[in-house]
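Asker: The structure is given below, and queries will be raised subsequently.
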Amino acid sequence: VCMTNCPTLIVMVGLPARGKTYISKKLTRYLNWIGVPTKEFNVGQYRRDLVKKYKSFEFFLPDNEEGLKIRKQCALAALNDVRQYLSEENGHVAVFDATNTTRERRETIYKFGEENGYKTFFVESVCVDPEVIAANIVQVKLGSPDYVDCSNDEATEDFMKRIECYKNSYETLDETLDKDLSYIKIMDVGRSYLVNRVMDHIQSRIVYYLMNIHVTPRSIYLCRHGESELNLKGRIGGDPGLSIRGKEFAKSLAQFINEQNIKDLKVWTSQMKRTIQTAEALGVPYEQWKVLNEIDAGVCEEMTYEEIQENYPLEFALRDQDKYRYRYPKGESYEDLVQRLEPVIMELERQENVLVICHQAVMRCLLAYFLDKPAEQLPYLKCPLHTVLKLTPVAYG
Amino acid sequence: LPLIACGPQLANSPTVIVMVGLPARGKTYTSKKLTRYLNWIGVPTKVFNVGEYRREAVKHYSSYDFFRPDNEEAMKVRRQCALAALRDVKLYLAEEAGQIAVFDATNTTRERRGMILNFAKENGFKVFFIESVCNDPTVVATNVMEVKLSSPDYRDCNSTDAMEDFMKRINCYQASYQPLDPDDYDRELSLIKVIDVGQRFLVNRVQDHIQSRIVYYLMNIHVQPRTIYLCRHGESEFNLKGKIGGDSGLSNRGKKFALALNKFVEEQNLKDLKVWTSQLKRTIQTAEALQLPYEQWKALNEIDAGVCEEMTYEEIREQHPEEFALRDQDKYYYRYPSGESYQDLVQRLEPVIMELERQENVLVICHQAVMRCLLAYFLDKSADEMPYLKCPLHTVLKLTPVAYGCRVESISLNIEAVNTHRERPEEAKKGPNPLMRRNSVTPLASPEPTKKPRINSFEEHVAVSSALPGCVPQEVPTQLPGQ
């Protein structure tokens with residue numbers, strides 16, 4: 001479905017350390033993965049480029065005229081780049097990541113959107129829990145270039161004062177005053193949400209995504225099935241069982257999982273024998289997903305690469321030219337895979353500890369989502385047999 | 001392959017959805033629509049409308065006086081009805097393999113909601129509130145006209161009297177209405193507040209996958225008048241030869257149909273019609289004749305017949321006699337070897353349904369099995385009926401939302417075509433486990449694991465369990481249907 005006819009400008013709103021950049025980056029990663037060209041524009045980055053050295057929170061004092069001038073300049077420079085990205089570089093979505101805490105600033109941005117024919121969608125993060133804020137600061141602020149020469153205590157103290165600078169002028173999105181705007185207000189890291197005037201498909205998808213992500217620490221384990229009989233013969237696809245070595249891998253996997261001592265681990269497989277047999281060795285309940293099945297190689301199913309080259313030389317060459325978009329005759333492309341895996345990603349976001357036992361092409365797609373790899377690199381990501389990838393969210397990645 | 005018993009890792013409790021709101025706020029509309037959607041995607045769901053219990057108990061409705069807060073006799077009856085409905089909810093969820101019960105009543109006081117929360121707690125059910133808040137008098141009046149005036153309560157009244165009485169009825173509730181308060185009193189509850197027919201939503205504490213899906217669905221539906229047109233591609237070369245599947249082009253008659261379709265669409269004189277096709281030639285060629293922009297969805301491709309692709313039914317019967325018989329035994333769950341089942345189709349069509357809900361006027365040019373799945377959603381047909389719905393070539397089905405459902409008009413464009421419909425065979429009885437001989441394990445999914453045995457249709461509105469499309473974790477239950 002056509003997701004965007006006119007480009008969308010997402011505007012983050014919120015005090016510092018409320019997760020705006022976290023959300024911006026995550027959302028950008030998700031949208032790009034599902035094929036919507038998206039880019040984030042972090043105004044703080046523009047400020048760092050302009051003001052080479054950060055001194056202290058005083059830069060952010062509301063009466064610091066020099067500071068205000070520079071900050072406004074940076075915002076405008078960022079908006080200019082937004083315009084270039086959306087209107088000249090075929091971008092579909094731009095995420096404008098800044099505090100945008102005053103109605104005045106937001107109106108400026110909204111007008112900018114209107115002038116250029118963009119739909120504007122606000123994403124506000126509201127949080128008053130001091131523990132959450134402190135955790136955010138530790139996770140991402142202390143390591144910021146702004147605080148490279150400071151001790152942790154000094155950095156925290158300065159940052160708290162920085163937040164104070166914004167508080168007096170903070171005008172949260174209001175049900176009455178802002179009733180004509182399209183926005184989602186996220187409260188207390190997702191405990192509750194206020195959603196106003198969702199205008200189109202992409203905004204609806206964004207809202208759905210934002211409502212499914214969480215920040216509870218957890219790990220995602222990705223691996224392929226154990227070596228299969230067809231793997232041994234160099235044949236692709238099919239529905240073979242495990243080879244002897246594959247069965248050994250399954251046992252090792254069981255041992256590995258035990259050693260990891262994971263709380264409430266969910267195990268997912270595809271509906272193909274080789275992943276199911278692998279999961280069986282774990283002795284824990286698992287769920288089978290048809291959408292985790294390996295990429296369908298159509299007429300090339302169960303052939304070796306040599307046979308494909310012999311029997312379908314043109315197809316073989318085409319695939320190498322554009323492995324992401326190439327679709328096997330009567331089969332699928334990586335692009336098709338991404339589309340069918342999207343519900344898996346959404347459910348992975350909702351879940352906590354999960355082990356996904358899948359297949360090479362499928363694993364590449366999932367990995368590309370988590371590691372933010374573009375379409376060109378996706379089909380070449382290394383996902384060897386008998387190797388487990390353990391993914392743990394940290395900071396912004 | 002060993003039989004996998006995938007037990008639940010988390011206790012998967014049934015859910016009671018509790019509607020909240022003044023009369024004429026769309027509670028029953030939402031209840032029915034949501035229930036239809038949930039059943040279609042395979043989650044056994046049932047509506048319990050307390051008003052219906054009241055009509056059973058009090059045979060004749062006299063006037064709004066029944067609803068006055070100082071009418072003690074009536075209050076007693078109303079409370080009894082609510083309790084009776086809750087008893088049936090318990091039966092459905094605890095003993096009849098229901099997963100979701102929609103408790104459709106005003107539930108406008110904290111006291112009433114407190115009682116329901118206790119009931120749920122005692123029985124181990126999750127609770128999710130859906131409140132509809134609307135103060136726009138035009139909307140309320142429209143609702144009253146669409147669905148209240150024709151209610152059994154007002155059978156013997158004229159419209160004006162009925163309207164007047166109903167407005168007084170609403171007033172009876174107004175003084176004691178305590179809206180959900182997620183900022184304070186109701187902080188701990190899982191709820192969605194739908195404000196002004198979907199302009200704004202407030203969502204609090206979504207607990208699990210199904211609640212997240214419900215919220216997503218509610219945010220995508222709307223009540224704007226619009227029309228959905230469903231039709232198949234024009235007759236194809238393969239249709240002429242009696243071959244199923246494949247990717248053939250249109251026959252001459254199929255091309256005529258495309259032109260007739262173009263004329264039909266023009267005559268409908270619609271504002272902003274969206275046209276969708278599959279990625280197979282025959283639907284694309286059909287759309288080309290319309291000279292309108294169209295979008296191709298892979299998800300609209302015809303059911304994959306796997307090893308039977310491009311065969312005639314006679315050839316299938318000859319070459320794969322066992323498969324042929326199995327399919328007739330359970331056409332919904334039957335999956336062609338290396339192909340798909342109707343159940344798989346539902347899963348891959350769910351995003352299409354979601355987008356259809358978001359859109360306004362749409363023409364979907366698709367295929368027989370696909371059209372049956374879509375039609376089953378709109379007309380609330382069970383999994384059992386779905387594979388036998390009549391979707392002939394060269395016929396357009398025009399669906400218009402009306403009151404609580406969908407009006408359907410069948411418009412034949414009068415171009416001859418072969419008949420591709422196969423009736424349900426008379427002698428086909430449900431055999432044991434038609435699904436067990438798949439080359440890879442076939443799930444009889446439940447959307448989230450449940451301890452209860454799956455049962456076949458016991459209610460016309462219940463689609464026998466199948467996977468939630470999209471996000472479906474699928475598992476093999478310990479009991480199979482028909483056992």
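Identifiers in the structure tokens: chain A, B, ... in order shown; residue index from 1 per chain; ligand index from 1 in order shown.
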Within 12 Å of A:His225, counting only C-alpha atoms, which residues show up once you throw out same-chain ones fewer than 5 positions away? Write them as an MDAnalysis selection string, please.
Answerer: chainID A and resid 231 239:243 245:251 253 268:281 292:294 355:360 362:363 383:388
Asker: Which value, in Å to one decimal, gives the distance between atom CA of A:Tyr30 and atom CA of A:Glu88?
Answerer: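 Between atom CA of A:Tyr30 and atom CA of A:Glu88 the gap is 22.3 Å.
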Asker: Need the shell around B:Val362: protein/DNA/RNA residues with any atom at most 6 Å away, counting only C-alpha atoms. Skip same-chain ones fewer than 3 positions apart. Format as a list in words?
Answerer: Ile228, Leu273, Lys274 and Val275 of chain B
Asker: Please produce an output containing N, CA and C atoms for each residue in the selection, written as a PDB file, in the first residue's frame.
Answerer:
```
ATOM      1  N   ILE B 228     -17.582  -0.375  -0.412  1.00  0.00           N
ATOM      2  CA  ILE B 228     -16.502  -1.272  -0.808  1.00  0.00           C
ATOM      3  C   ILE B 228     -17.022  -2.181  -1.904  1.00  0.00           C
ATOM      4  N   LEU B 273     -12.216   7.028  -5.790  1.00  0.00           N
ATOM      5  CA  LEU B 273     -12.208   5.573  -5.648  1.00  0.00           C
ATOM      6  C   LEU B 273     -10.777   5.057  -5.663  1.00  0.00           C
ATOM      7  N   LYS B 274     -10.441   4.236  -4.661  1.00  0.00           N
ATOM      8  CA  LYS B 274      -9.131   3.569  -4.703  1.00  0.00           C
ATOM      9  C   LYS B 274      -9.336   2.208  -5.366  1.00  0.00           C
ATOM     10  N   VAL B 275      -8.393   1.786  -6.172  1.00  0.00           N
ATOM     11  CA  VAL B 275      -8.498   0.475  -6.819  1.00  0.00           C
ATOM     12  C   VAL B 275      -7.309  -0.374  -6.405  1.00  0.00           C
TER      13      VAL B 275
END
```
Asker: Could you write out as a list in words the residues of chain A within 7 Å of chain B, counting only C-alpha atoms?
Answerer: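 So the contacting residues turn out to be Val1, Arg191, Ser192, Tyr193, Leu194, Val195, Asn196, Arg197, Tyr208, Gln271, Met272, Lys273, Pro285, Tyr286, Glu287, Gln288, Trp289, Pro343, Val344 and Glu347 of chain A.
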Asker: Residues of stretch 69-259 of chain B classed as strand (DSSP E) by DSSP on the backbone are to be reported as number ranges by chain.
Answerer: B: 100-104, 126-133, 191-195, 200-204, 228-232
Asker: List the spatial neighbours of stretch 65-82 of chain A as a VMD selection string - criterion: any atom at most 12 Å away, only C-alpha atoms, same-chain residues fewer than 6 positions off excluded.
Answerer: chain A and resid 7 to 11 38 to 51 54 to 59 88 to 100 105 to 106 108 to 113 116 118 165
Asker: Okay, now the selection with N, CA and C atoms, as a compact mmCIF listing (two decimals), in the first residue's frame?
Answerer:
```
# COMPACT_ATOMS: atom_id res chain seq x y z
N PRO A 7 5.05 13.90 2.08
CA PRO A 7 5.99 13.53 3.13
C PRO A 7 5.44 13.88 4.51
N THR A 8 5.97 13.20 5.49
CA THR A 8 5.54 13.43 6.87
C THR A 8 6.68 13.98 7.70
N LEU A 9 6.36 14.99 8.49
CA LEU A 9 7.34 15.56 9.40
C LEU A 9 6.93 15.15 10.80
N ILE A 10 7.77 14.33 11.44
CA ILE A 10 7.49 13.95 12.83
C ILE A 10 8.24 14.91 13.72
N VAL A 11 7.56 15.50 14.66
CA VAL A 11 8.19 16.48 15.55
C VAL A 11 8.18 15.94 16.97
N THR A 38 13.41 7.27 5.76
CA THR A 38 13.23 8.14 6.93
C THR A 38 14.59 8.59 7.42
N LYS A 39 14.66 9.81 7.90
CA LYS A 39 15.92 10.31 8.45
C LYS A 39 15.64 11.17 9.66
N GLU A 40 16.53 11.09 10.65
CA GLU A 40 16.32 11.93 11.81
C GLU A 40 17.27 13.13 11.77
N PHE A 41 16.79 14.22 12.34
CA PHE A 41 17.54 15.47 12.38
C PHE A 41 17.59 15.92 13.82
N ASN A 42 18.73 15.72 14.45
CA ASN A 42 18.87 16.02 15.87
C ASN A 42 19.48 17.41 16.05
N VAL A 43 18.69 18.31 16.57
CA VAL A 43 19.13 19.72 16.65
C VAL A 43 20.33 19.88 17.58
N GLY A 44 20.38 19.01 18.62
CA GLY A 44 21.53 19.05 19.51
C GLY A 44 22.83 18.82 18.74
N GLN A 45 22.77 17.96 17.74
CA GLN A 45 23.94 17.68 16.92
C GLN A 45 24.36 18.92 16.14
N TYR A 46 23.38 19.63 15.61
CA TYR A 46 23.68 20.88 14.89
C TYR A 46 24.34 21.87 15.84
N ARG A 47 23.84 21.91 17.09
CA ARG A 47 24.40 22.82 18.07
C ARG A 47 25.84 22.45 18.37
N ARG A 48 26.11 21.16 18.52
CA ARG A 48 27.47 20.74 18.79
C ARG A 48 28.40 21.08 17.64
N ASP A 49 27.90 21.02 16.43
CA ASP A 49 28.73 21.36 15.27
C ASP A 49 29.05 22.85 15.23
N LEU A 50 28.10 23.63 15.69
CA LEU A 50 28.27 25.08 15.62
C LEU A 50 29.11 25.60 16.79
N VAL A 51 28.73 25.16 18.00
CA VAL A 51 29.42 25.62 19.20
C VAL A 51 30.39 24.52 19.60
N TYR A 54 31.18 22.62 24.48
CA TYR A 54 30.10 22.87 25.44
C TYR A 54 30.70 23.22 26.81
N LYS A 55 30.24 24.35 27.37
CA LYS A 55 30.83 24.74 28.65
C LYS A 55 29.99 24.29 29.83
N SER A 56 28.72 24.77 29.85
CA SER A 56 27.86 24.39 30.98
C SER A 56 26.40 24.66 30.64
N PHE A 57 25.57 24.31 31.62
CA PHE A 57 24.12 24.47 31.45
C PHE A 57 23.74 25.92 31.18
N GLU A 58 24.64 26.82 31.49
CA GLU A 58 24.29 28.24 31.33
C GLU A 58 23.95 28.59 29.90
N PHE A 59 24.49 27.78 28.97
CA PHE A 59 24.15 27.99 27.56
C PHE A 59 22.64 27.93 27.36
N GLU A 88 13.72 17.22 -1.96
CA GLU A 88 14.67 17.03 -3.06
C GLU A 88 15.37 15.69 -3.07
N GLU A 89 15.36 15.02 -1.93
CA GLU A 89 16.12 13.77 -1.89
C GLU A 89 15.23 12.55 -1.73
N ASN A 90 13.93 12.70 -2.06
CA ASN A 90 13.03 11.54 -2.00
C ASN A 90 12.85 10.93 -0.63
N GLY A 91 13.09 11.72 0.41
CA GLY A 91 12.78 11.19 1.73
C GLY A 91 11.26 11.18 1.91
N HIS A 92 10.76 10.24 2.69
CA HIS A 92 9.32 10.23 2.95
C HIS A 92 9.01 10.78 4.33
N VAL A 93 9.84 10.47 5.28
CA VAL A 93 9.58 10.90 6.66
C VAL A 93 10.83 11.53 7.24
N ALA A 94 10.67 12.67 7.88
CA ALA A 94 11.77 13.31 8.60
C ALA A 94 11.39 13.40 10.06
N VAL A 95 12.33 13.02 10.94
CA VAL A 95 12.05 13.09 12.38
C VAL A 95 12.84 14.26 12.95
N PHE A 96 12.14 15.27 13.40
CA PHE A 96 12.79 16.48 13.91
C PHE A 96 12.94 16.35 15.41
N ASP A 97 14.16 16.01 15.82
CA ASP A 97 14.41 15.65 17.21
C ASP A 97 14.98 16.84 18.00
N ALA A 98 14.13 17.49 18.75
CA ALA A 98 14.54 18.59 19.62
C ALA A 98 13.50 18.70 20.73
N THR A 99 13.70 19.61 21.68
CA THR A 99 12.74 19.67 22.78
C THR A 99 11.39 20.20 22.30
N ASN A 100 11.41 21.22 21.43
CA ASN A 100 10.16 21.76 20.88
C ASN A 100 9.09 21.94 21.95
N ARG A 105 7.42 27.60 19.26
CA ARG A 105 8.36 26.85 18.42
C ARG A 105 7.58 25.86 17.55
N ARG A 106 6.60 25.20 18.15
CA ARG A 106 5.86 24.20 17.39
C ARG A 106 5.05 24.82 16.26
N THR A 108 5.92 27.46 14.59
CA THR A 108 6.89 27.76 13.53
C THR A 108 7.10 26.52 12.67
N ILE A 109 7.29 25.39 13.35
CA ILE A 109 7.56 24.16 12.62
C ILE A 109 6.33 23.73 11.82
N TYR A 110 5.16 23.87 12.42
CA TYR A 110 3.93 23.48 11.74
C TYR A 110 3.73 24.29 10.47
N LYS A 111 3.99 25.60 10.59
CA LYS A 111 3.86 26.48 9.41
C LYS A 111 4.85 26.05 8.34
N PHE A 112 6.07 25.76 8.78
CA PHE A 112 7.09 25.28 7.85
C PHE A 112 6.58 24.04 7.12
N GLY A 113 5.96 23.15 7.86
CA GLY A 113 5.41 21.95 7.25
C GLY A 113 4.35 22.28 6.22
N ASN A 116 5.54 23.71 2.94
CA ASN A 116 6.22 22.78 2.05
C ASN A 116 5.39 21.57 1.68
N TYR A 118 4.01 19.30 3.84
CA TYR A 118 4.26 18.11 4.66
C TYR A 118 3.13 17.95 5.65
N CYS A 165 16.25 24.57 33.02
CA CYS A 165 16.16 25.72 32.12
C CYS A 165 14.93 25.65 31.23
```
Asker: Would you mind writing down, as a PyMOL selection string, each residue of stretch 189-408 of chain B that DSSP on the backbone assigns to helix (DSSP H, G or I)?
Answerer: chain B and resi 209-220+237-241+252-268+281-288+298-300+306-308+313-319+321-329+342-358+368-379+386-388
Asker: Please identify all polymer residues within 8 Å of A:Val126, counting only C-alpha atoms, omitting same-chain residues fewer than 2 positions from it, and present them as number ranges by chain.
Answerer: A: 14-15, 18, 124, 128, 185-189
Asker: For stretch 91-93 of chain B, please output as a PyMOL selection string all residues within 9 Å (counting only C-alpha atoms; exclusion window: fewer than 4 positions along the same chain).
Answerer: chain B and resi 14-16+46+86-87+97-101+125
Asker: Restrict the selected residues to C-alpha atoms and save them as a tab-separated table (two decimals), in the first residue's frame.
Answerer:
```
chain	number	residue	atom	x	y	z
B	14	PRO	CA	-9.68	-15.05	28.83
B	15	THR	CA	-10.58	-11.39	28.58
B	16	VAL	CA	-13.77	-9.53	29.39
B	46	LYS	CA	-19.03	-13.26	21.79
B	86	LEU	CA	-22.23	-12.03	33.61
B	87	ARG	CA	-23.19	-15.58	34.46
B	97	ALA	CA	-13.77	-22.25	25.03
B	98	GLY	CA	-14.57	-18.61	24.49
B	99	GLN	CA	-11.56	-16.30	24.67
B	100	ILE	CA	-13.13	-12.91	24.70
B	101	ALA	CA	-16.52	-11.80	26.01
B	125	PHE	CA	-10.36	-13.10	33.65
```
Asker: Let me make sure I understand: among A:Leu367, A:Leu86, A:Val198, A:Ile236, which one has the smallest atom-to-atom distance to A:Ile308 if we use only C-alpha atoms?
Answerer: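 For A:Ile308, the nearest of the given residues is A:Ile236.
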Asker: Go through B:Asp328, B:Glu416, B:Phe264, B:Gly306 and flag the residue nearest B:Ser251, using only C-alpha atoms for the distances.
Answerer: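 Once distances to B:Ser251 are computed over only C-alpha atoms, the minimum belongs to B:Glu416.
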Asker: Pick out the residues sitting within 9 Å of A:Glu335, and hand them over as JSON, numbers by chain; count only C-alpha atoms, and ignore anything fewer than 6 positions along from it in its own chain.
Answerer: {"A": [34, 35, 324, 325, 326, 327, 375]}
Asker: Using only C-alpha atoms, find the one residue out of A:Leu173, A:Cys6, A:Val284, A:Cys223 that sits nearest to A:Thr120.
Answerer: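 That would be A:Cys6, the residue with the smallest distance to A:Thr120.
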